[in-house]
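Just query_39.cif here, mmCIF, C-alpha atoms (C1' of nucleotides):
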```
data_structure
#
loop_
_atom_site.label_atom_id
_atom_site.label_comp_id
_atom_site.auth_asym_id
_atom_site.auth_seq_id
_atom_site.Cartn_x
_atom_site.Cartn_y
_atom_site.Cartn_z
CA MET A 6 1.65 6.77 0.98
CA PHE A 7 4.96 5.38 -0.12
CA SER A 8 5.38 1.62 -0.04
CA LYS A 9 7.58 -0.07 2.51
CA SER A 10 10.01 -0.82 -0.30
CA CYS A 11 10.18 2.84 -1.17
CA LYS A 12 10.86 3.85 2.41
CA TYR A 13 13.64 1.29 2.70
CA ALA A 14 15.10 2.59 -0.53
CA MET A 15 15.07 6.25 0.53
CA ARG A 16 16.70 5.43 3.85
CA ALA A 17 19.33 3.28 2.17
CA VAL A 18 20.17 6.02 -0.29
CA LEU A 19 20.61 8.50 2.55
CA TYR A 20 22.75 6.01 4.43
CA LEU A 21 24.94 5.56 1.38
CA ALA A 22 25.11 9.33 0.92
CA ILE A 23 26.53 9.66 4.41
CA HIS A 24 28.75 6.61 4.66
CA SER A 25 29.94 5.85 1.17
CA ASP A 26 31.76 7.34 -1.77
CA ALA A 27 33.65 5.99 -4.78
CA GLU A 28 36.53 4.99 -2.51
CA HIS A 29 34.44 3.57 0.32
CA LYS A 30 31.72 1.28 -0.88
CA LEU A 31 29.24 -0.45 1.35
CA GLY A 32 27.94 -4.00 1.24
CA VAL A 33 24.29 -4.89 1.56
CA LYS A 34 24.96 -6.48 4.91
CA GLU A 35 26.33 -3.41 6.63
CA THR A 36 23.62 -1.22 5.20
CA SER A 37 20.74 -3.52 6.05
CA GLU A 38 21.98 -4.05 9.58
CA ALA A 39 22.45 -0.34 10.16
CA LEU A 40 18.94 0.40 8.94
CA GLU A 41 17.43 -2.74 10.48
CA VAL A 42 15.79 -3.82 7.26
CA PRO A 43 15.83 -7.31 5.72
CA GLY A 44 19.10 -7.82 3.88
CA PRO A 45 18.08 -9.88 0.86
CA PHE A 46 15.13 -7.61 0.31
CA LEU A 47 17.23 -4.50 0.48
CA ALA A 48 19.65 -6.12 -1.96
CA LYS A 49 16.87 -6.32 -4.52
CA LEU A 50 15.99 -2.70 -4.01
CA LEU A 51 19.58 -1.54 -4.30
CA GLN A 52 20.03 -3.58 -7.46
CA GLN A 53 17.00 -1.91 -8.93
CA LEU A 54 18.27 1.54 -8.00
CA SER A 55 21.62 0.67 -9.48
CA ARG A 56 20.07 -0.47 -12.74
CA HIS A 57 18.31 2.87 -12.92
CA HIS A 58 21.61 4.67 -12.20
CA LEU A 59 20.31 6.28 -9.04
CA ILE A 60 23.08 4.68 -7.05
CA SER A 61 26.34 3.10 -8.14
CA SER A 62 27.86 -0.30 -7.53
CA THR A 63 30.78 -2.55 -8.35
CA LYS A 64 31.25 -6.25 -7.86
CA GLY A 65 34.10 -8.13 -6.32
CA PRO A 66 36.46 -7.48 -3.40
CA ASN A 67 36.13 -3.94 -2.05
CA GLY A 68 33.06 -3.69 -4.18
CA GLY A 69 29.67 -2.63 -2.99
CA PHE A 70 27.15 0.15 -3.31
CA PHE A 71 27.93 3.84 -3.17
CA LEU A 72 26.76 7.22 -4.33
CA SER A 73 28.78 8.94 -7.00
CA GLU A 74 29.02 12.72 -6.92
CA ALA A 75 26.34 12.84 -9.58
CA ASN A 76 24.11 10.47 -7.64
CA SER A 77 24.25 12.58 -4.52
CA LYS A 78 23.45 15.77 -6.41
CA ALA A 79 20.14 14.31 -7.53
CA ASN A 80 17.04 14.45 -5.34
CA LEU A 81 14.91 11.70 -3.85
CA ARG A 82 12.19 11.95 -6.46
CA GLY A 83 13.99 9.59 -8.79
CA VAL A 84 14.35 7.04 -6.03
CA VAL A 85 10.65 7.19 -5.25
CA GLU A 86 9.65 6.99 -8.88
CA SER A 87 12.02 4.11 -9.50
CA ILE A 88 10.50 2.01 -6.74
CA ASP A 89 6.85 3.07 -6.52
CA GLY A 90 6.44 4.36 -10.04
CA PRO A 91 5.82 7.93 -11.20
CA GLU A 92 2.05 7.53 -10.65
CA VAL A 93 2.46 8.09 -6.91
CA PHE A 94 2.63 11.78 -7.71
CA SER A 95 -0.26 11.88 -10.12
CA SER A 96 -2.75 9.09 -9.51
CA CYS A 97 -6.27 9.96 -8.44
CA ILE A 98 -6.79 10.13 -4.72
CA LEU A 99 -10.06 8.22 -5.12
CA GLY A 100 -8.48 5.67 -7.43
CA LEU A 101 -10.41 6.71 -10.53
CA PRO A 102 -8.71 5.53 -13.73
CA VAL A 103 -9.21 8.92 -15.36
CA CYS A 104 -9.15 12.05 -13.27
CA SER A 105 -7.90 15.33 -14.66
CA SER A 106 -8.72 19.01 -14.51
CA THR A 107 -11.17 18.56 -17.38
CA ASN A 108 -12.64 15.44 -15.86
CA PRO A 109 -12.00 15.70 -12.15
CA CYS A 110 -13.04 13.66 -9.16
CA PRO A 111 -14.60 15.68 -6.35
CA LEU A 112 -11.31 15.95 -4.51
CA HIS A 113 -9.17 16.64 -7.53
CA SER A 114 -8.26 20.30 -7.16
CA ARG A 115 -7.48 20.00 -3.48
CA ALA A 116 -5.52 16.84 -4.12
CA LEU A 117 -3.37 18.75 -6.58
CA ILE A 118 -2.23 21.07 -3.83
CA TYR A 119 -1.46 18.33 -1.39
CA ARG A 120 0.34 16.42 -4.08
CA GLN A 121 2.44 19.42 -4.91
CA GLY A 122 3.55 19.39 -1.28
CA LEU A 123 4.52 15.78 -1.54
CA LEU A 124 6.54 16.44 -4.64
CA GLU A 125 8.38 19.34 -3.05
CA LEU A 126 9.13 17.16 -0.10
CA VAL A 127 11.29 14.84 -2.16
CA GLU A 128 12.35 17.26 -4.84
CA ASP A 129 13.52 20.53 -3.37
CA GLN A 130 16.69 19.34 -1.72
CA THR A 131 19.45 17.17 -3.08
CA ILE A 132 20.29 13.87 -1.48
CA LYS A 133 23.57 15.41 -0.43
CA GLU A 134 21.81 18.29 1.28
CA VAL A 135 19.51 15.98 3.17
CA ALA A 136 22.45 13.80 4.15
CA HIS A 137 24.36 16.80 5.47
CA ARG A 138 21.46 17.79 7.63
CA VAL A 139 21.30 14.27 8.99
CA GLU A 140 24.95 14.50 9.97
CA ARG A 141 24.88 18.02 11.36
CA GLN A 142 21.71 17.53 13.36
CA GLU A 143 22.32 13.88 14.20
CA LEU A 144 19.01 12.82 12.73
CA LYS A 145 17.97 9.21 12.44
CA ILE A 146 17.36 7.40 9.18
CA MET B 10 -1.40 6.89 -0.30
CA PHE B 11 -4.75 5.53 0.68
CA SER B 12 -5.31 1.82 0.21
CA LYS B 13 -7.58 0.50 -2.50
CA SER B 14 -10.04 -0.44 0.23
CA CYS B 15 -10.07 3.12 1.48
CA LYS B 16 -10.68 4.53 -1.97
CA TYR B 17 -13.56 2.13 -2.53
CA ALA B 18 -14.99 3.14 0.83
CA MET B 19 -14.79 6.88 0.16
CA ARG B 20 -16.44 6.49 -3.22
CA ALA B 21 -19.17 4.29 -1.79
CA VAL B 22 -19.91 6.79 0.97
CA LEU B 23 -20.23 9.56 -1.58
CA TYR B 24 -22.46 7.39 -3.73
CA LEU B 25 -24.69 6.70 -0.75
CA ALA B 26 -24.70 10.40 0.12
CA ILE B 27 -26.08 11.15 -3.32
CA HIS B 28 -28.42 8.25 -3.89
CA SER B 29 -29.67 7.16 -0.49
CA ASP B 30 -31.42 8.39 2.60
CA ALA B 31 -33.38 6.81 5.43
CA GLU B 32 -36.29 6.18 3.06
CA HIS B 33 -34.25 5.00 0.10
CA LYS B 34 -31.63 2.48 1.06
CA LEU B 35 -29.23 0.90 -1.36
CA GLY B 36 -28.07 -2.68 -1.63
CA VAL B 37 -24.46 -3.68 -2.05
CA LYS B 38 -25.19 -4.89 -5.55
CA GLU B 39 -26.44 -1.59 -6.93
CA THR B 40 -23.63 0.31 -5.27
CA SER B 41 -20.85 -2.00 -6.36
CA GLU B 42 -22.12 -2.08 -9.93
CA ALA B 43 -22.43 1.69 -10.11
CA LEU B 44 -18.88 2.14 -8.82
CA GLU B 45 -17.50 -0.86 -10.70
CA VAL B 46 -15.92 -2.34 -7.63
CA PRO B 47 -16.10 -5.98 -6.47
CA GLY B 48 -19.38 -6.56 -4.68
CA PRO B 49 -18.46 -8.99 -1.90
CA PHE B 50 -15.42 -6.91 -1.11
CA LEU B 51 -17.41 -3.71 -0.94
CA ALA B 52 -19.91 -5.48 1.32
CA LYS B 53 -17.13 -6.07 3.85
CA LEU B 54 -16.10 -2.44 3.72
CA LEU B 55 -19.66 -1.19 4.14
CA GLN B 56 -20.19 -3.53 7.07
CA GLN B 57 -17.09 -2.16 8.70
CA LEU B 58 -18.20 1.43 8.14
CA SER B 59 -21.60 0.53 9.53
CA ARG B 60 -20.10 -1.02 12.66
CA HIS B 61 -18.21 2.21 13.18
CA HIS B 62 -21.42 4.22 12.67
CA LEU B 63 -20.04 6.09 9.70
CA ILE B 64 -22.86 4.83 7.54
CA SER B 65 -26.22 3.27 8.46
CA SER B 66 -27.87 0.02 7.48
CA THR B 67 -30.89 -2.15 8.08
CA LYS B 68 -31.53 -5.76 7.19
CA GLY B 69 -34.47 -7.33 5.49
CA PRO B 70 -36.76 -6.27 2.66
CA ASN B 71 -36.27 -2.65 1.68
CA GLY B 72 -33.17 -2.75 3.81
CA GLY B 73 -29.75 -1.70 2.71
CA PHE B 74 -27.12 0.90 3.34
CA PHE B 75 -27.76 4.61 3.59
CA LEU B 76 -26.45 7.80 5.11
CA SER B 77 -28.39 9.29 7.95
CA GLU B 78 -28.47 13.07 8.28
CA ALA B 79 -25.81 12.80 10.95
CA ASN B 80 -23.67 10.54 8.76
CA SER B 81 -23.71 12.99 5.88
CA LYS B 82 -22.76 15.92 8.10
CA ALA B 83 -19.53 14.22 9.05
CA ASN B 84 -16.45 14.48 6.89
CA LEU B 85 -14.41 11.82 5.11
CA ARG B 86 -11.71 11.67 7.72
CA GLY B 87 -13.61 9.14 9.79
CA VAL B 88 -14.05 6.92 6.76
CA VAL B 89 -10.35 7.01 6.00
CA GLU B 90 -9.36 6.35 9.59
CA SER B 91 -11.85 3.54 9.89
CA ILE B 92 -10.41 1.69 6.92
CA ASP B 93 -6.74 2.62 6.81
CA GLY B 94 -6.27 3.50 10.45
CA PRO B 95 -5.49 6.90 11.98
CA GLU B 96 -1.75 6.40 11.38
CA VAL B 97 -2.14 7.38 7.73
CA PHE B 98 -2.15 10.96 8.92
CA SER B 99 0.73 10.69 11.33
CA SER B 100 3.11 7.88 10.40
CA CYS B 101 6.67 8.72 9.43
CA ILE B 102 7.20 9.28 5.75
CA LEU B 103 10.38 7.21 5.93
CA GLY B 104 8.69 4.49 7.96
CA LEU B 105 10.65 5.09 11.14
CA PRO B 106 8.89 3.66 14.20
CA VAL B 107 9.53 6.81 16.19
CA CYS B 108 9.61 10.15 14.44
CA SER B 109 8.51 13.31 16.19
CA SER B 110 9.49 16.94 16.44
CA THR B 111 11.92 16.10 19.23
CA ASN B 112 13.26 13.08 17.39
CA PRO B 113 12.63 13.78 13.72
CA CYS B 114 13.59 12.03 10.54
CA PRO B 115 15.25 14.27 7.96
CA LEU B 116 11.97 14.88 6.16
CA HIS B 117 9.84 15.32 9.25
CA SER B 118 9.10 19.05 9.28
CA ARG B 119 8.31 19.19 5.59
CA ALA B 120 6.21 16.06 5.87
CA LEU B 121 4.14 17.78 8.53
CA ILE B 122 3.11 20.42 6.04
CA TYR B 123 2.24 17.99 3.34
CA ARG B 124 0.33 15.86 5.82
CA GLN B 125 -1.65 18.86 6.96
CA GLY B 126 -2.74 19.26 3.36
CA LEU B 127 -3.85 15.66 3.24
CA LEU B 128 -5.86 16.09 6.39
CA GLU B 129 -7.56 19.23 5.13
CA LEU B 130 -8.40 17.39 1.95
CA VAL B 131 -10.66 14.97 3.76
CA GLU B 132 -11.62 17.12 6.69
CA ASP B 133 -12.65 20.58 5.58
CA GLN B 134 -15.87 19.70 3.83
CA THR B 135 -18.71 17.50 4.94
CA ILE B 136 -19.69 14.44 3.00
CA LYS B 137 -22.89 16.22 2.13
CA GLU B 138 -21.01 19.19 0.73
CA VAL B 139 -18.80 17.01 -1.41
CA ALA B 140 -21.82 15.08 -2.62
CA HIS B 141 -23.61 18.29 -3.60
CA ARG B 142 -20.66 19.38 -5.65
CA VAL B 143 -20.64 16.02 -7.37
CA GLU B 144 -24.28 16.52 -8.33
CA ARG B 145 -24.05 20.16 -9.32
CA GLN B 146 -20.90 19.75 -11.37
CA GLU B 147 -21.67 16.26 -12.60
CA LEU B 148 -18.42 14.90 -11.26
CA LYS B 149 -17.53 11.25 -11.37
CA ILE B 150 -16.99 9.09 -8.32
"C1'" DT C 4 -46.20 -17.29 11.27
"C1'" DT C 5 -44.00 -18.20 7.10
"C1'" DA C 6 -41.49 -16.77 3.05
"C1'" DT C 7 -38.53 -13.45 1.42
"C1'" DT C 8 -35.14 -10.06 1.55
"C1'" DA C 9 -30.73 -8.06 2.58
"C1'" DA C 10 -27.05 -7.22 5.82
"C1'" DA C 11 -23.71 -9.59 9.15
"C1'" DA C 12 -20.51 -12.85 9.97
"C1'" DG C 13 -17.42 -16.45 8.99
"C1'" DA C 14 -14.56 -19.19 6.01
"C1'" DT C 15 -11.86 -19.58 1.88
"C1'" DA C 16 -9.24 -18.09 -2.30
"C1'" DA C 17 -6.40 -15.24 -5.35
"C1'" DA C 18 -3.20 -11.59 -6.08
"C1'" DA C 19 0.27 -8.45 -4.70
"C1'" DA C 20 3.83 -7.01 -1.65
"C1'" DT C 21 7.43 -8.33 1.19
"C1'" DA C 22 11.09 -11.47 2.35
"C1'" DT C 23 14.51 -15.32 1.62
"C1'" DC C 24 17.52 -18.50 -0.62
"C1'" DT C 25 20.55 -20.20 -4.43
"C1'" DT C 26 23.24 -19.72 -8.49
"C1'" DT C 27 25.78 -16.86 -11.64
"C1'" DT C 28 28.78 -13.12 -13.04
"C1'" DA C 29 32.20 -9.62 -12.54
"C1'" DT C 30 36.12 -7.92 -10.01
"C1'" DT C 31 40.17 -7.88 -7.13
"C1'" DC C 32 44.03 -9.78 -4.92
"C1'" DT C 33 47.44 -13.28 -4.33
"C1'" DA D 29 45.68 -18.41 -13.43
"C1'" DG D 30 43.14 -19.30 -9.11
"C1'" DA D 31 40.79 -18.10 -4.83
"C1'" DA D 32 37.95 -14.93 -2.68
"C1'" DT D 33 34.60 -11.34 -2.62
"C1'" DA D 34 30.35 -9.03 -3.51
"C1'" DA D 35 26.72 -7.66 -6.62
"C1'" DA D 36 23.31 -9.52 -10.17
"C1'" DA D 37 19.96 -12.56 -11.33
"C1'" DG D 38 16.74 -16.11 -10.72
"C1'" DA D 39 13.77 -19.03 -8.09
"C1'" DT D 40 11.00 -19.74 -4.01
"C1'" DA D 41 8.48 -18.64 0.30
"C1'" DT D 42 5.77 -15.87 3.44
"C1'" DT D 43 2.61 -12.23 4.61
"C1'" DT D 44 -0.72 -8.86 3.62
"C1'" DT D 45 -4.16 -7.10 0.82
"C1'" DT D 46 -7.78 -7.80 -2.12
"C1'" DA D 47 -11.56 -10.69 -3.54
"C1'" DT D 48 -15.12 -14.44 -3.22
"C1'" DC D 49 -18.27 -17.71 -1.32
"C1'" DT D 50 -21.38 -19.69 2.27
"C1'" DT D 51 -24.08 -19.54 6.38
"C1'" DT D 52 -26.49 -16.91 9.83
"C1'" DT D 53 -29.28 -13.17 11.64
"C1'" DA D 54 -32.61 -9.54 11.50
"C1'" DA D 55 -36.36 -7.25 9.34
"C1'" DT D 56 -40.39 -6.90 6.40
"C1'" DA D 57 -44.42 -8.25 4.11
"C1'" DA D 58 -47.86 -11.38 2.82
#
```

Here is a file; write its structure as structure tokens.
Amino acid sequence: MFSKSCKYAMRAVLYLAIHSDAEHKLGVKETSEALEVPGPFLAKLLQQLSRHHLISSTKGPNGGFFLSEANSKANLRGVVESIDGPEVFSSCILGLPVCSSTNPCPLHSRALIYRQGLLELVEDQTIKEVAHRVERQELKI
Amino acid sequence: MFSKSCKYAMRAVLYLAIHSDAEHKLGVKETSEALEVPGPFLAKLLQQLSRHHLISSTKGPNGGFFLSEANSKANLRGVVESIDGPEVFSSCILGLPVCSSTNPCPLHSRALIYRQGLLELVEDQTIKEVAHRVERQELKI
DNA sequence: TTATTAAAAGATAAAAATATCTTTTATTCT
DNA sequence: AGAATAAAAGATATTTTTATCTTTTAATAA
């Protein structure tokens, strides 16, 4: 499914959505400890997300990572595509290099449906909305 | 999604379903060349499938891999679970070690739906049925 | 029963993903 | 301006996955 990196990234983004804003930034250390993921590795992922403008960051004292208003109004699709690449939503389920409706693998049409579900999963709610649900329902991330 | 190994395995099983039976067994070489996958690597996968009785094999002259009638009446789920493990259909989409309906991650309920689709994809037709479609519609594998 | 064939098993290697460590750069505060 | 802080960037290490190679075992056929 999604790579370990991608899962770390999604969880980190949700954590930032809940615990950070432009006035309260979070360091890698706090975030990685809260999520129990390797700190230096998460740092790389957050840097990558920041470069792609999916999260925000500043250096120096009181600096750190955070979600801007704009960031939190986006959905998780961008995060997934930034880490695992856009192909996760389109690549052939049998791994064929070319597989399309005109030239399909035997599972193609069914795979389309399943894949649509996957896309909706990360696309039909904003990060902010997911984060709110986590808070209201005390969900784990 | 599925690992490269798993994709190779599914394609090989379909290839065997089409081109082999108890009287016409196929060697690793022919199969790997037809599918353009690394031979020694495919050999390992086929051995594993054979150990799990998802495909059949015999040694010696005229030996090789093939699908028995029983093998081809099964579906692809067993193949996937044999290679990637049963967790592919149940593990948390965010990678949380525990994630259930009583203790869900924020994407849990939606992930259930998508995952159901994935399961149906490999479960609701027999290998034989898929193979027939490949032949009738000249699909690639 | 001997030679041959092909899978099974075991050992090794290469590549990719995951994880860590060090140095540099930007920012803030004193 | 200088010290401190934290991300950015770069280099390195470990683990897992993917791939290959060699030896052994089982089966067939001559």

As a check of understanding, name the residues that the PyMOL selection byres ((chain D and resi 58) around 12) selects in the supplied structure, as JSON, numbers by chain. {"C": [4, 5, 6, 7], "D": [56, 57]}

Store the residues picked out above in a file with C-alpha atoms (C1' of nucleotides), as a JSON list (two decimals), keeping the file's coordinate frame.
```
[["chain", "number", "residue", "atom", "x", "y", "z"],
["C", 4, "DT", "C1'", -46.20, -17.29, 11.27],
["C", 5, "DT", "C1'", -44.00, -18.20, 7.10],
["C", 6, "DA", "C1'", -41.49, -16.77, 3.05],
["C", 7, "DT", "C1'", -38.53, -13.45, 1.42],
["D", 56, "DT", "C1'", -40.39, -6.90, 6.40],
["D", 57, "DA", "C1'", -44.42, -8.25, 4.11]]
```

Residues at most 9 Å from D:DT42, counting only C-alpha atoms (C1' of nucleotides), excluding those fewer than 4 positions away in the same chain, as a VMD selection string? chain C and resid 21 to 23

Using only C-alpha atoms, find each residue in chain B having at least one atom no more than 9 Å away from chain A; report its shortest atom-to-atom pair and that distance in Å (one decimal), rows by chain then rising number, as a tab-separated table.
```
residue	atom	partner	partner_atom	distance
B:Met10	CA	A:Met6	CA	3.3
B:Phe11	CA	A:Met6	CA	6.5
B:Ser12	CA	A:Met6	CA	8.6
B:Lys13	CA	A:Gly100	CA	7.2
B:Cys15	CA	A:Leu99	CA	8.3
B:Lys16	CA	A:Leu99	CA	4.9
B:Tyr17	CA	A:Leu99	CA	7.5
B:Met19	CA	A:Leu99	CA	7.2
B:Arg20	CA	A:Leu99	CA	6.9
B:Val97	CA	A:Met6	CA	7.8
B:Ile102	CA	A:Lys12	CA	7.4
B:Leu103	CA	A:Lys12	CA	4.9
B:Gly104	CA	A:Lys12	CA	6.0
B:Leu105	CA	A:Ile146	CA	7.4
B:Cys108	CA	A:Lys145	CA	8.6
B:Asn112	CA	A:Leu144	CA	7.4
B:Pro113	CA	A:Leu144	CA	6.5
B:Cys114	CA	A:Lys145	CA	5.5
B:Pro115	CA	A:Val139	CA	6.1
B:Leu116	CA	A:Leu126	CA	7.2
B:Arg119	CA	A:Leu126	CA	6.1
B:Ala120	CA	A:Leu126	CA	6.7
B:Ile122	CA	A:Gly122	CA	7.4
B:Tyr123	CA	A:Gly122	CA	5.0
B:Arg124	CA	A:Tyr119	CA	7.8
B:Gln125	CA	A:Tyr119	CA	8.4
B:Gly126	CA	A:Tyr119	CA	5.0
B:Leu127	CA	A:Tyr119	CA	5.9
B:Glu129	CA	A:Arg115	CA	8.6
B:Leu130	CA	A:Arg115	CA	6.1
B:Val131	CA	A:Leu112	CA	8.4
B:Val139	CA	A:Pro111	CA	6.6
B:Ala140	CA	A:Pro111	CA	8.1
B:Arg142	CA	A:Pro111	CA	7.1
B:Val143	CA	A:Pro111	CA	6.1
B:Leu148	CA	A:Cys110	CA	5.9
B:Lys149	CA	A:Cys110	CA	5.6
B:Ile150	CA	A:Cys110	CA	6.1
```

Can you write out the residues you just picked, keeping C-alpha atoms, as an mmCIF file, in the coordinates of the input?
```cif
data_model
loop_
_atom_site.group_PDB
_atom_site.id
_atom_site.type_symbol
_atom_site.label_atom_id
_atom_site.label_comp_id
_atom_site.auth_asym_id
_atom_site.auth_seq_id
_atom_site.Cartn_x
_atom_site.Cartn_y
_atom_site.Cartn_z
ATOM 1 C CA MET B 10 -1.400 6.890 -0.300
ATOM 2 C CA PHE B 11 -4.750 5.530 0.680
ATOM 3 C CA SER B 12 -5.310 1.820 0.210
ATOM 4 C CA LYS B 13 -7.580 0.500 -2.500
ATOM 5 C CA CYS B 15 -10.070 3.120 1.480
ATOM 6 C CA LYS B 16 -10.680 4.530 -1.970
ATOM 7 C CA TYR B 17 -13.560 2.130 -2.530
ATOM 8 C CA MET B 19 -14.790 6.880 0.160
ATOM 9 C CA ARG B 20 -16.440 6.490 -3.220
ATOM 10 C CA VAL B 97 -2.140 7.380 7.730
ATOM 11 C CA ILE B 102 7.200 9.280 5.750
ATOM 12 C CA LEU B 103 10.380 7.210 5.930
ATOM 13 C CA GLY B 104 8.690 4.490 7.960
ATOM 14 C CA LEU B 105 10.650 5.090 11.140
ATOM 15 C CA CYS B 108 9.610 10.150 14.440
ATOM 16 C CA ASN B 112 13.260 13.080 17.390
ATOM 17 C CA PRO B 113 12.630 13.780 13.720
ATOM 18 C CA CYS B 114 13.590 12.030 10.540
ATOM 19 C CA PRO B 115 15.250 14.270 7.960
ATOM 20 C CA LEU B 116 11.970 14.880 6.160
ATOM 21 C CA ARG B 119 8.310 19.190 5.590
ATOM 22 C CA ALA B 120 6.210 16.060 5.870
ATOM 23 C CA ILE B 122 3.110 20.420 6.040
ATOM 24 C CA TYR B 123 2.240 17.990 3.340
ATOM 25 C CA ARG B 124 0.330 15.860 5.820
ATOM 26 C CA GLN B 125 -1.650 18.860 6.960
ATOM 27 C CA GLY B 126 -2.740 19.260 3.360
ATOM 28 C CA LEU B 127 -3.850 15.660 3.240
ATOM 29 C CA GLU B 129 -7.560 19.230 5.130
ATOM 30 C CA LEU B 130 -8.400 17.390 1.950
ATOM 31 C CA VAL B 131 -10.660 14.970 3.760
ATOM 32 C CA VAL B 139 -18.800 17.010 -1.410
ATOM 33 C CA ALA B 140 -21.820 15.080 -2.620
ATOM 34 C CA ARG B 142 -20.660 19.380 -5.650
ATOM 35 C CA VAL B 143 -20.640 16.020 -7.370
ATOM 36 C CA LEU B 148 -18.420 14.900 -11.260
ATOM 37 C CA LYS B 149 -17.530 11.250 -11.370
ATOM 38 C CA ILE B 150 -16.990 9.090 -8.320
#
```

Could you please select, counting all atoms listed in the file, the residues of chain B within 7 Å of chain C and state them as a ChimeraX atom specification? /B:67-70,72-73

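Interatomic distance, atom CA of B:Leu51 against atom CA of B:Ala83: 20.6 Å.
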
Please write as a VMD selection string the full residue list that the PyMOL selection byres ((chain D) within 9 of (chain A)) yields on this file. chain D and resid 32 to 36

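We find atom CA of A:Val42 and atom CA of B:Ile92 to be spaced 26.8 Å apart.
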
Separation of atom CA of B:Lys34 from atom CA of B:Ile136, in Å and rounded to one decimal: 17.0 Å

Might you pull out every residue within 8 Å of B:Ser91, with all atoms listed in the file counted and same-chain residues fewer than 2 positions away left off, and present them as a list in words? Gln57, Leu58, His61, Gly87, Val88, Val89, Asp93, Gly94 and Pro95 of chain B

Can you give me, as a PyMOL selection string, the residues this file yields under the PyMOL selection byres ((chain D and resi 46) around 8)? (chain B and resi 50) or (chain C and resi 18) or (chain D and resi 45+47)
